[in-house]
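Undergrad: Below is the file query23.cif, which contains mmCIF, C-alpha atoms.
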data_query
#
loop_
_atom_site.label_atom_id
_atom_site.label_comp_id
_atom_site.auth_asym_id
_atom_site.auth_seq_id
_atom_site.Cartn_x
_atom_site.Cartn_y
_atom_site.Cartn_z
CA MET A 1 86.10 147.35 104.43
CA THR A 2 89.03 146.77 106.75
CA GLU A 3 91.31 143.85 105.98
CA ILE A 4 89.66 141.81 108.71
CA GLU A 5 86.18 142.58 107.44
CA ARG A 6 87.31 141.43 104.00
CA LEU A 7 88.67 138.15 105.39
CA LEU A 8 85.45 137.57 107.32
CA ALA A 9 83.38 138.28 104.22
CA ILE A 10 85.49 135.86 102.17
CA GLU A 11 85.02 133.16 104.76
CA GLU A 12 81.29 133.81 104.95
CA ILE A 13 80.94 133.63 101.16
CA LYS A 14 82.72 130.26 101.18
CA GLN A 15 80.31 129.02 103.85
CA VAL A 16 77.32 130.13 101.79
CA LYS A 17 78.50 128.17 98.76
CA ALA A 18 79.36 125.17 100.94
CA LYS A 19 75.76 125.20 102.13
CA TYR A 20 74.54 125.62 98.55
CA PHE A 21 76.12 122.28 97.66
CA TYR A 22 75.26 120.52 100.89
CA ALA A 23 71.61 121.63 100.79
CA PHE A 24 71.17 120.79 97.10
CA ASP A 25 72.61 117.28 97.42
CA HIS A 26 70.49 116.65 100.51
CA LYS A 27 67.39 118.37 99.01
CA ASP A 28 67.27 120.59 102.08
CA TRP A 29 65.34 123.38 100.39
CA ASP A 30 64.72 125.14 103.67
CA MET A 31 68.48 125.61 104.17
CA TRP A 32 68.72 126.75 100.56
CA ARG A 33 66.10 129.44 101.16
CA ARG A 34 67.27 130.59 104.57
CA GLU A 35 71.05 130.41 104.36
CA VAL A 36 72.09 130.49 100.70
CA TRP A 37 70.02 132.67 98.39
CA ALA A 38 68.83 136.28 98.38
CA PRO A 39 65.05 136.54 97.91
CA GLU A 40 65.68 138.23 94.54
CA GLY A 41 68.05 135.40 93.56
CA ARG A 42 68.60 134.61 89.87
CA LEU A 43 69.93 131.38 88.36
CA GLU A 44 71.01 131.02 84.74
CA VAL A 45 71.79 127.68 83.15
CA PRO A 46 72.08 128.71 79.50
CA GLU A 47 72.76 125.21 78.19
CA PHE A 48 69.35 124.19 79.53
CA ARG A 49 67.27 127.37 79.13
CA GLU A 50 68.24 130.81 77.90
CA GLU A 51 65.94 132.75 80.21
CA PRO A 52 67.08 132.99 83.87
CA PHE A 53 65.04 131.63 86.74
CA THR A 54 64.12 134.48 89.12
CA PRO A 55 63.20 135.41 91.83
CA PHE A 56 64.35 132.78 94.29
CA GLU A 57 61.01 130.98 94.44
CA GLU A 58 61.33 130.29 90.70
CA VAL A 59 64.92 129.07 91.18
CA LEU A 60 63.69 126.77 93.89
CA LYS A 61 60.79 125.46 91.81
CA TYR A 62 63.15 124.58 88.96
CA ALA A 63 65.84 123.07 91.17
CA SER A 64 63.55 121.05 93.40
CA GLU A 65 61.59 119.67 90.44
CA ALA A 66 64.74 118.76 88.54
CA ALA A 67 66.20 117.16 91.67
CA ALA A 68 63.08 115.21 92.61
CA ASP A 69 64.00 112.16 90.55
CA GLN A 70 67.77 112.28 90.78
CA ALA A 71 70.62 111.78 93.16
CA SER A 72 73.34 114.39 92.81
CA VAL A 73 76.90 115.09 93.87
CA HIS A 74 78.16 118.68 93.51
CA HIS A 75 81.66 119.84 94.39
CA GLY A 76 83.05 123.38 94.26
CA HIS A 77 86.68 124.39 94.00
CA THR A 78 89.12 127.31 94.33
CA PRO A 79 86.89 130.40 94.23
CA ILE A 80 88.19 133.61 92.67
CA ILE A 81 86.69 136.38 94.80
CA GLU A 82 86.61 140.08 93.97
CA PHE A 83 84.74 142.72 95.95
CA THR A 84 83.01 145.38 93.86
CA SER A 85 81.79 147.23 96.97
CA ASP A 86 81.48 146.66 100.71
CA THR A 87 78.26 144.76 100.09
CA GLU A 88 78.85 143.02 96.75
CA ALA A 89 81.34 140.44 95.50
CA LYS A 90 81.89 138.73 92.15
CA VAL A 91 82.94 135.12 92.55
CA ILE A 92 83.91 132.36 90.12
CA TRP A 93 83.74 128.81 91.44
CA ALA A 94 85.09 125.83 89.54
CA MET A 95 82.59 122.97 89.81
CA GLU A 96 82.02 119.34 89.05
CA ASP A 97 78.60 117.77 89.17
CA ARG A 98 77.21 114.29 88.82
CA LEU A 99 73.50 113.80 88.25
CA TYR A 100 72.11 110.31 88.44
CA ARG A 101 68.77 110.53 86.67
CA THR A 102 65.94 108.08 86.61
CA PRO A 103 63.44 107.71 83.74
CA GLU A 104 60.93 109.57 85.92
CA ASN A 105 63.13 112.68 85.78
CA PRO A 106 61.77 115.45 83.51
CA LEU A 107 65.28 115.94 82.11
CA TYR A 108 65.76 112.24 81.34
CA ASP A 109 67.18 111.88 77.84
CA GLY A 110 68.13 108.25 77.48
CA SER A 111 71.22 108.48 79.63
CA THR A 112 71.12 107.91 83.35
CA TYR A 113 74.21 109.85 84.36
CA LEU A 114 75.47 113.32 83.62
CA HIS A 115 79.00 114.25 84.64
CA GLY A 116 79.80 117.91 84.13
CA PHE A 117 82.73 120.26 84.64
CA GLY A 118 82.34 124.00 84.59
CA HIS A 119 82.11 127.26 86.46
CA TYR A 120 79.61 129.28 88.40
CA ARG A 121 79.93 133.04 87.82
CA GLU A 122 78.18 134.59 90.77
CA THR A 123 77.26 137.81 92.51
CA TYR A 124 76.99 137.78 96.29
CA VAL A 125 75.32 140.56 98.25
CA LYS A 126 75.49 141.43 101.92
CA LEU A 127 71.98 141.52 103.34
CA PRO A 128 71.01 142.18 106.99
CA VAL A 129 71.04 138.39 107.52
CA GLY A 130 74.50 137.97 105.96
CA TRP A 131 76.04 137.28 102.55
CA ARG A 132 73.76 135.57 100.06
CA ILE A 133 73.82 134.58 96.38
CA LEU A 134 72.08 137.18 94.25
CA ALA A 135 72.94 135.76 90.83
CA SER A 136 74.53 132.56 89.58
CA ARG A 137 75.31 131.61 86.00
CA LEU A 138 76.45 128.05 85.39
CA THR A 139 78.35 127.04 82.27
CA ARG A 140 80.11 123.76 81.68
CA LEU A 141 83.45 123.24 79.96
CA ARG A 142 82.54 119.67 79.27
CA VAL A 143 79.75 117.19 79.84
CA GLU A 144 79.94 113.41 79.71
CA MET A 145 76.87 111.21 79.59
CA ARG A 146 76.87 107.55 80.40
CA LYS A 147 74.74 104.78 81.70
CA VAL A 148 75.66 103.47 85.12
CA PHE A 149 75.28 99.99 86.51
CA MET B 1 87.12 134.20 120.47
CA THR B 2 87.89 137.43 118.67
CA GLU B 3 87.17 137.58 114.95
CA ILE B 4 90.84 137.11 114.21
CA GLU B 5 91.12 134.11 116.51
CA ARG B 6 88.11 132.60 114.72
CA LEU B 7 89.72 133.13 111.30
CA LEU B 8 92.98 131.60 112.54
CA ALA B 9 91.10 128.62 113.97
CA ILE B 10 89.23 128.12 110.68
CA GLU B 11 92.48 128.18 108.75
CA GLU B 12 94.11 125.76 111.19
CA ILE B 13 91.19 123.34 110.93
CA LYS B 14 91.50 123.38 107.13
CA GLN B 15 95.22 122.61 107.44
CA VAL B 16 94.49 119.67 109.76
CA LYS B 17 92.09 118.13 107.25
CA ALA B 18 94.49 118.83 104.38
CA LYS B 19 97.10 116.82 106.29
CA TYR B 20 94.54 114.11 107.00
CA PHE B 21 94.17 113.49 103.27
CA TYR B 22 97.83 113.99 102.40
CA ALA B 23 99.03 111.65 105.14
CA PHE B 24 96.43 108.98 104.37
CA ASP B 25 97.19 108.87 100.66
CA HIS B 26 100.93 108.78 101.38
CA LYS B 27 100.52 106.32 104.28
CA ASP B 28 102.41 108.75 106.48
CA TRP B 29 100.96 107.46 109.75
CA ASP B 30 103.40 109.46 111.80
CA MET B 31 101.96 112.71 110.39
CA TRP B 32 98.46 111.34 111.01
CA ARG B 33 99.29 110.73 114.66
CA ARG B 34 101.20 113.93 115.33
CA GLU B 35 99.38 116.54 113.28
CA VAL B 36 95.85 115.32 112.59
CA TRP B 37 94.14 113.35 115.34
CA ALA B 38 93.49 113.83 119.03
CA PRO B 39 94.73 110.86 121.11
CA GLU B 40 91.08 110.10 122.01
CA GLY B 41 90.13 110.24 118.33
CA ARG B 42 87.08 108.32 117.10
CA LEU B 43 86.28 107.24 113.54
CA GLU B 44 82.91 105.90 112.45
CA VAL B 45 82.33 104.34 109.06
CA PRO B 46 78.83 102.92 109.55
CA GLU B 47 78.59 101.35 106.08
CA PHE B 48 81.57 99.19 107.00
CA ARG B 49 81.13 98.65 110.74
CA GLU B 50 78.55 100.01 113.16
CA GLU B 51 80.87 100.29 116.13
CA PRO B 52 83.31 103.26 116.02
CA PHE B 53 87.06 102.81 116.09
CA THR B 54 88.53 104.53 119.14
CA PRO B 55 90.89 105.70 120.62
CA PHE B 56 93.28 106.92 117.93
CA GLU B 57 95.50 103.84 118.04
CA GLU B 58 92.47 101.73 117.01
CA VAL B 59 91.65 104.20 114.23
CA LEU B 60 95.21 103.90 113.03
CA LYS B 61 95.22 100.11 113.19
CA TYR B 62 92.07 99.95 111.07
CA ALA B 63 93.19 102.59 108.56
CA SER B 64 96.73 101.35 108.12
CA GLU B 65 95.61 97.75 107.68
CA ALA B 66 92.91 98.70 105.18
CA ALA B 67 95.38 100.90 103.31
CA ALA B 68 98.18 98.36 103.22
CA ASP B 69 97.04 96.75 99.98
CA GLN B 70 95.50 99.70 98.25
CA ALA B 71 96.36 102.95 96.58
CA SER B 72 93.98 105.77 97.46
CA VAL B 73 93.03 109.26 96.38
CA HIS B 74 90.99 111.35 98.83
CA HIS B 75 89.76 114.87 98.17
CA GLY B 76 87.88 117.19 100.55
CA HIS B 77 85.68 120.13 99.59
CA THR B 78 83.90 123.23 100.92
CA PRO B 79 83.81 122.68 104.70
CA ILE B 80 80.87 124.02 106.72
CA ILE B 81 82.41 125.13 110.02
CA GLU B 82 80.55 126.02 113.20
CA PHE B 83 82.17 126.72 116.56
CA THR B 84 80.34 125.32 119.56
CA SER B 85 82.88 126.83 122.00
CA ASP B 86 86.32 128.45 121.91
CA THR B 87 87.87 124.99 121.81
CA GLU B 88 85.40 122.93 119.79
CA ALA B 89 84.08 123.09 116.23
CA LYS B 90 81.62 121.00 114.24
CA VAL B 91 82.66 120.62 110.62
CA ILE B 92 81.09 118.95 107.59
CA TRP B 93 83.43 118.21 104.68
CA ALA B 94 82.23 117.03 101.30
CA MET B 95 84.50 114.25 100.08
CA GLU B 96 85.33 112.01 97.17
CA ASP B 97 87.49 108.96 97.51
CA ARG B 98 88.95 106.40 95.17
CA LEU B 99 90.31 103.14 96.54
CA TYR B 100 92.24 100.87 94.23
CA ARG B 101 92.19 97.53 95.94
CA THR B 102 94.21 94.46 95.22
CA PRO B 103 93.07 90.89 95.92
CA GLU B 104 95.39 90.91 98.94
CA ASN B 105 93.28 93.64 100.55
CA PRO B 106 91.13 92.44 103.49
CA LEU B 107 88.21 94.48 102.07
CA TYR B 108 88.53 92.99 98.58
CA ASP B 109 85.12 91.98 97.34
CA GLY B 110 85.56 91.12 93.69
CA SER B 111 85.90 94.68 92.48
CA THR B 112 89.23 96.42 92.30
CA TYR B 113 88.05 99.99 92.52
CA LEU B 114 85.72 101.86 94.83
CA HIS B 115 84.69 105.39 93.95
CA GLY B 116 82.71 107.11 96.69
CA PHE B 117 81.04 110.45 97.31
CA GLY B 118 79.96 111.57 100.72
CA HIS B 119 80.55 113.66 103.79
CA TYR B 120 82.62 113.65 106.93
CA ARG B 121 80.76 115.01 109.96
CA GLU B 122 83.50 115.92 112.40
CA THR B 123 84.30 117.41 115.76
CA TYR B 124 87.57 119.30 116.13
CA VAL B 125 89.05 120.20 119.51
CA LYS B 126 91.73 122.69 120.45
CA LEU B 127 94.47 120.90 122.36
CA PRO B 128 97.72 122.43 123.67
CA VAL B 129 99.38 121.30 120.40
CA GLY B 130 96.68 122.86 118.24
CA TRP B 131 93.38 121.86 116.63
CA ARG B 132 92.88 118.14 116.10
CA ILE B 133 90.13 115.77 114.95
CA LEU B 134 88.29 114.30 117.91
CA ALA B 135 85.54 112.51 116.02
CA SER B 136 84.83 111.78 112.37
CA ARG B 137 81.82 110.01 110.90
CA LEU B 138 81.96 109.17 107.21
CA THR B 139 78.84 108.48 105.18
CA ARG B 140 78.63 108.21 101.43
CA LEU B 141 75.85 109.55 99.20
CA ARG B 142 76.86 107.12 96.53
CA VAL B 143 79.40 104.43 95.79
CA GLU B 144 80.43 103.04 92.42
CA MET B 145 82.44 99.89 92.04
CA ARG B 146 84.29 98.93 88.92
CA LYS B 147 87.24 97.01 87.68
CA VAL B 148 90.07 99.08 86.32
CA PHE B 149 92.48 98.23 83.51
CA MET C 1 104.25 138.83 109.75
CA THR C 2 101.34 139.63 112.02
CA GLU C 3 98.54 137.10 112.24
CA ILE C 4 96.40 139.23 109.96
CA GLU C 5 99.18 139.56 107.39
CA ARG C 6 99.53 135.79 107.45
CA LEU C 7 95.81 135.28 106.87
CA LEU C 8 95.86 137.79 104.02
CA ALA C 9 98.87 136.06 102.47
CA ILE C 10 97.15 132.67 102.72
CA GLU C 11 94.06 134.03 101.03
CA GLU C 12 96.13 135.66 98.31
CA ILE C 13 98.03 132.44 97.65
CA LYS C 14 94.73 130.58 97.26
CA GLN C 15 93.57 133.22 94.77
CA VAL C 16 96.78 132.85 92.75
CA LYS C 17 96.29 129.09 92.43
CA ALA C 18 92.59 129.55 91.64
CA LYS C 19 93.66 131.77 88.75
CA TYR C 20 96.29 129.23 87.72
CA PHE C 21 93.56 126.67 87.11
CA TYR C 22 91.03 129.10 85.66
CA ALA C 23 93.54 130.61 83.23
CA PHE C 24 94.94 127.24 82.15
CA ASP C 25 91.55 125.70 81.41
CA HIS C 26 90.50 128.85 79.52
CA LYS C 27 93.90 129.23 77.81
CA ASP C 28 94.08 132.76 79.14
CA TRP C 29 97.86 133.00 78.98
CA ASP C 30 97.82 136.71 79.66
CA MET C 31 96.22 136.08 83.07
CA TRP C 32 98.75 133.31 83.66
CA ARG C 33 101.62 135.72 83.00
CA ARG C 34 100.26 138.74 84.86
CA GLU C 35 98.52 137.21 87.88
CA VAL C 36 99.93 133.75 88.52
CA TRP C 37 103.64 133.26 87.86
CA ALA C 38 106.85 135.00 88.87
CA PRO C 39 108.98 135.94 85.83
CA GLU C 40 111.63 133.45 87.06
CA GLY C 41 108.95 130.75 87.39
CA ARG C 42 109.94 127.09 87.15
CA LEU C 43 107.70 124.12 86.36
CA GLU C 44 108.76 120.51 86.81
CA VAL C 45 106.71 117.61 85.49
CA PRO C 46 109.16 114.74 86.04
CA GLU C 47 106.92 112.06 84.54
CA PHE C 48 107.04 113.95 81.27
CA ARG C 49 110.53 115.50 81.28
CA GLU C 50 113.25 115.43 83.92
CA GLU C 51 114.57 118.91 83.24
CA PRO C 52 112.41 121.79 84.58
CA PHE C 53 110.90 124.42 82.33
CA THR C 54 112.23 127.86 83.32
CA PRO C 55 112.01 130.87 83.26
CA PHE C 56 108.30 131.61 82.93
CA GLU C 57 108.41 132.16 79.17
CA GLU C 58 109.61 128.54 78.78
CA VAL C 59 106.85 127.33 81.12
CA LEU C 60 104.35 129.19 79.01
CA LYS C 61 105.73 127.85 75.74
CA TYR C 62 105.43 124.28 77.01
CA ALA C 63 101.99 124.73 78.56
CA SER C 64 100.42 126.64 75.69
CA GLU C 65 101.75 124.19 73.10
CA ALA C 66 100.59 121.17 75.09
CA ALA C 67 97.20 122.80 75.63
CA ALA C 68 96.70 123.88 72.04
CA ASP C 69 95.06 120.63 70.97
CA GLN C 70 93.32 119.65 74.16
CA ALA C 71 90.48 120.59 76.42
CA SER C 72 91.36 120.38 80.10
CA VAL C 73 89.74 120.41 83.52
CA HIS C 74 92.01 121.05 86.53
CA HIS C 75 90.86 121.11 90.13
CA GLY C 76 92.92 121.90 93.23
CA HIS C 77 92.16 120.86 96.79
CA THR C 78 93.05 121.45 100.47
CA PRO C 79 96.40 123.27 100.30
CA ILE C 80 98.98 122.71 103.05
CA ILE C 81 100.65 126.10 103.49
CA GLU C 82 103.84 126.82 105.41
CA PHE C 83 105.66 130.15 105.46
CA THR C 84 109.44 129.92 105.36
CA SER C 85 109.82 133.72 105.59
CA ASP C 86 107.67 136.83 105.27
CA THR C 87 108.01 136.62 101.50
CA GLU C 88 108.14 132.88 100.81
CA ALA C 89 105.73 130.00 101.34
CA LYS C 90 105.87 126.27 100.61
CA VAL C 91 102.52 124.90 99.52
CA ILE C 92 101.26 121.44 98.61
CA TRP C 93 98.03 121.28 96.61
CA ALA C 94 96.16 118.07 95.94
CA MET C 95 95.03 118.03 92.32
CA GLU C 96 92.98 116.17 89.77
CA ASP C 97 93.29 116.80 86.08
CA ARG C 98 91.51 115.63 82.97
CA LEU C 99 93.11 116.17 79.59
CA TYR C 100 91.04 115.45 76.50
CA ARG C 101 93.60 115.09 73.74
CA THR C 102 93.09 115.06 70.03
CA PRO C 103 95.37 113.24 67.55
CA GLU C 104 96.83 116.64 66.67
CA ASN C 105 98.21 116.97 70.20
CA PRO C 106 102.01 116.52 70.43
CA LEU C 107 101.49 114.34 73.53
CA TYR C 108 98.93 112.11 71.81
CA ASP C 109 99.74 108.50 72.54
CA GLY C 110 96.79 106.50 71.32
CA SER C 111 94.49 107.43 74.14
CA THR C 112 92.26 110.45 73.99
CA TYR C 113 91.81 111.06 77.69
CA LEU C 114 94.17 111.34 80.63
CA HIS C 115 92.76 111.42 84.13
CA GLY C 116 95.37 112.11 86.78
CA PHE C 117 95.54 112.47 90.56
CA GLY C 118 98.50 113.99 92.30
CA HIS C 119 100.09 116.91 94.05
CA TYR C 120 101.76 120.18 93.24
CA ARG C 121 104.67 121.00 95.54
CA GLU C 122 105.17 124.72 95.16
CA THR C 123 107.09 127.75 96.29
CA TYR C 124 105.32 131.09 96.33
CA VAL C 125 107.16 134.40 96.62
CA LYS C 126 105.89 137.85 97.49
CA LEU C 127 106.85 140.27 94.74
CA PRO C 128 105.96 143.98 94.55
CA VAL C 129 102.87 143.00 92.50
CA GLY C 130 101.78 140.36 95.03
CA TRP C 131 102.27 136.65 95.71
CA ARG C 132 103.27 134.58 92.69
CA ILE C 133 104.33 131.00 91.93
CA LEU C 134 108.10 130.71 91.78
CA ALA C 135 108.36 126.94 91.45
CA SER C 136 105.90 124.11 90.92
CA ARG C 137 106.61 120.41 90.78
CA LEU C 138 103.75 118.15 89.71
CA THR C 139 103.70 114.46 90.51
CA ARG C 140 100.78 112.11 90.11
CA LEU C 141 99.74 109.33 92.47
CA ARG C 142 97.87 107.68 89.70
CA VAL C 143 97.00 108.13 86.04
CA GLU C 144 94.19 106.53 84.09
CA MET C 145 93.99 106.60 80.33
CA ARG C 146 90.86 105.89 78.37
CA LYS C 147 89.13 106.66 75.16
CA VAL C 148 86.03 108.82 75.45
CA PHE C 149 82.94 108.86 73.27
#
Translate the structure described by the file into structure tokens.
TA:
Amino acid sequence: MTEIERLLAIEEIKQVKAKYFYAFDHKDWDMWRREVWAPEGRLEVPEFREEPFTPFEEVLKYASEAAADQASVHHGHTPIIEFTSDTEAKVIWAMEDRLYRTPENPLYDGSTYLHGFGHYRETYVKLPVGWRILASRLTRLRVEMRKVF
Amino acid sequence: MTEIERLLAIEEIKQVKAKYFYAFDHKDWDMWRREVWAPEGRLEVPEFREEPFTPFEEVLKYASEAAADQASVHHGHTPIIEFTSDTEAKVIWAMEDRLYRTPENPLYDGSTYLHGFGHYRETYVKLPVGWRILASRLTRLRVEMRKVF
Amino acid sequence: MTEIERLLAIEEIKQVKAKYFYAFDHKDWDMWRREVWAPEGRLEVPEFREEPFTPFEEVLKYASEAAADQASVHHGHTPIIEFTSDTEAKVIWAMEDRLYRTPENPLYDGSTYLHGFGHYRETYVKLPVGWRILASRLTRLRVEMRKVF
């Protein structure tokens, strides 16, 4: 990659993750499928389930079901980006998420509010349509639960 | 635009919004006027008032009066940036704001603390002095009110 | 600097600060030393101590001792970046930090949780190994203390 190609790739990767958050919090699963994930996408949330969700349609099934009975606010911060080839990058995003669950939510556990802090460790790949998330592993440094209102 | 001009414009737009937050939280209205907004700027906060504030001097009057009796903390995250021409961009910023109001504040409503999560949907224009915010519409996904201390 | 060199420097500076947060919250002091700070680094936290910590080994001693008995979450936002020469930049980062202290912590003051909002005002220098933090001054707009759990 030339320096300019690297800068463009960095910017594109940031846009992909920006759309990841925007689409998730707006439950815009069509944007998630078309602009964020690779079809072979893989999501790991080890604190919830050891086995990864994959391919993308399984990621989507999990995420859209979990999100059905919640409002959410996800923010991502200060990515550390390292290219392992012209078509692959390893990225770590700091994150903060707030999930406002209702008793109808399958993950409901007596609390109505999860507030987490952690990191996504991700692999992005350059496909013909552009950069997409191939793999994402979310771990949290800390989780706080509380009732709201 | 060449690729490099696009990257420079993206970076400049991020700087403008960074100064938006910095100036607001420091009540540096001179920086807001000179480095952030277009003179024809328009701000919409539909949850507070349906009609937009415009031009910039009206935006400033509203913001500086609302801010007079409050401390604030605004953070912006992961912008989604799309150029509609060489001199115009549509940008969505995720945001989180905390307003610590005192009873003297005209917006005081019995709570002393607003904690909001939402998005700015904005139009930036390239003026002779550089990129500036022409229009900003703020909506919140969620608002929490609580008393502090 | 050419425009491209400036964009590359901006991106590198963002990576350095991303690693600052990542390394601090993971107590990866080796990354802090090798990839974040200049050997002559200086850290000022005036609300805690008027005199700066310097050189880097003193910064590290302070930070690693303070961090020994705490978990932390640091996030940085929307940097304002200004180059004062080809090898020096002034940068302001908005920040939010959460420190979860235990009674063993030397800064323990009866509360177990500090939640702060403020800004880093920093100087970055370009060394043969890349851009590094030469000086950082942290001030907070607001601090909240509370007990958790």
Undergrad: Rounded to one decimal place, report the CA of Gly41 in chain A-CA of Val125 in chain A distance in Å.
TA: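 So the answer is 10.1 Å.
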Undergrad: Determine the residue membership of the PyMOL selection byres ((chain A) within 8 of (chain C)) for the file above and supply it as a list in words.
TA: Glu3, Ile4, Leu7, His77, Thr78, Pro79, Ile80, Ile81, Ala94, Phe117 and Leu141 of chain A
Undergrad: So what do you get for CA of Gln70 in chain C versus CA of Asp97 in chain C, distance-wise?
TA: 12.3 Å
Undergrad: Using the chain letters and numbering of this document, enumerate as an NGL selection string the residues selected by the PyMOL selection byres ((chain A and resi 131) around 10).
TA: :A and (9-10 or 12-16 or 35-38 or 87-89 or 124-130 or 132-134)
Undergrad: So how many Å separate CA of Ala63 in chain C and CA of Tyr120 in chain A, to one decimal?
TA: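 Computing it gives 24.9 Å between the two atoms.
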Undergrad: Could you state which residues are captured by the PyMOL selection byres ((chain B and resi 42) around 10) in this file, as a list in words?
TA: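 Output from the PyMOL selection byres ((chain B and resi 42) around 10), applied to this file: Trp37, Ala38, Pro39, Glu40, Gly41, Leu43, Glu44, Pro52, Phe53, Thr54, Pro55, Phe56, Glu57, Glu58, Val59, Glu122, Thr123, Ile133, Leu134, Ala135, Ser136 and Arg137 of chain B.
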Undergrad: Just to be explicit: take each residue in the selection above, keep C-alpha atoms, and write the result as an mmCIF file, in the coordinates of the input.
TA:
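Generated file (part.cif):
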data_model
loop_
_atom_site.group_PDB
_atom_site.id
_atom_site.type_symbol
_atom_site.label_atom_id
_atom_site.label_comp_id
_atom_site.auth_asym_id
_atom_site.auth_seq_id
_atom_site.Cartn_x
_atom_site.Cartn_y
_atom_site.Cartn_z
ATOM 1 C CA TRP B 37 94.140 113.350 115.340
ATOM 2 C CA ALA B 38 93.490 113.830 119.030
ATOM 3 C CA PRO B 39 94.730 110.860 121.110
ATOM 4 C CA GLU B 40 91.080 110.100 122.010
ATOM 5 C CA GLY B 41 90.130 110.240 118.330
ATOM 6 C CA LEU B 43 86.280 107.240 113.540
ATOM 7 C CA GLU B 44 82.910 105.900 112.450
ATOM 8 C CA PRO B 52 83.310 103.260 116.020
ATOM 9 C CA PHE B 53 87.060 102.810 116.090
ATOM 10 C CA THR B 54 88.530 104.530 119.140
ATOM 11 C CA PRO B 55 90.890 105.700 120.620
ATOM 12 C CA PHE B 56 93.280 106.920 117.930
ATOM 13 C CA GLU B 57 95.500 103.840 118.040
ATOM 14 C CA GLU B 58 92.470 101.730 117.010
ATOM 15 C CA VAL B 59 91.650 104.200 114.230
ATOM 16 C CA GLU B 122 83.500 115.920 112.400
ATOM 17 C CA THR B 123 84.300 117.410 115.760
ATOM 18 C CA ILE B 133 90.130 115.770 114.950
ATOM 19 C CA LEU B 134 88.290 114.300 117.910
ATOM 20 C CA ALA B 135 85.540 112.510 116.020
ATOM 21 C CA SER B 136 84.830 111.780 112.370
ATOM 22 C CA ARG B 137 81.820 110.010 110.900
#
Undergrad: Can you list, as an MDAnalysis selection string, every protein, DNA or RNA residue that comes within 6 Å of His115 in chain C when you count only C-alpha atoms, leaving out same-chain residues fewer than 2 positions away?
TA: chainID C and resid 97:98 143:144
Undergrad: Could you tell me which of A:Ala23, A:Ala68, A:Leu138, A:Val45 comes closest to Trp93 in chain A if we count only C-alpha atoms?
TA: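 Between A:Ala23, A:Ala68, A:Leu138, A:Val45, the residue approaching Trp93 in chain A most closely is A:Leu138.
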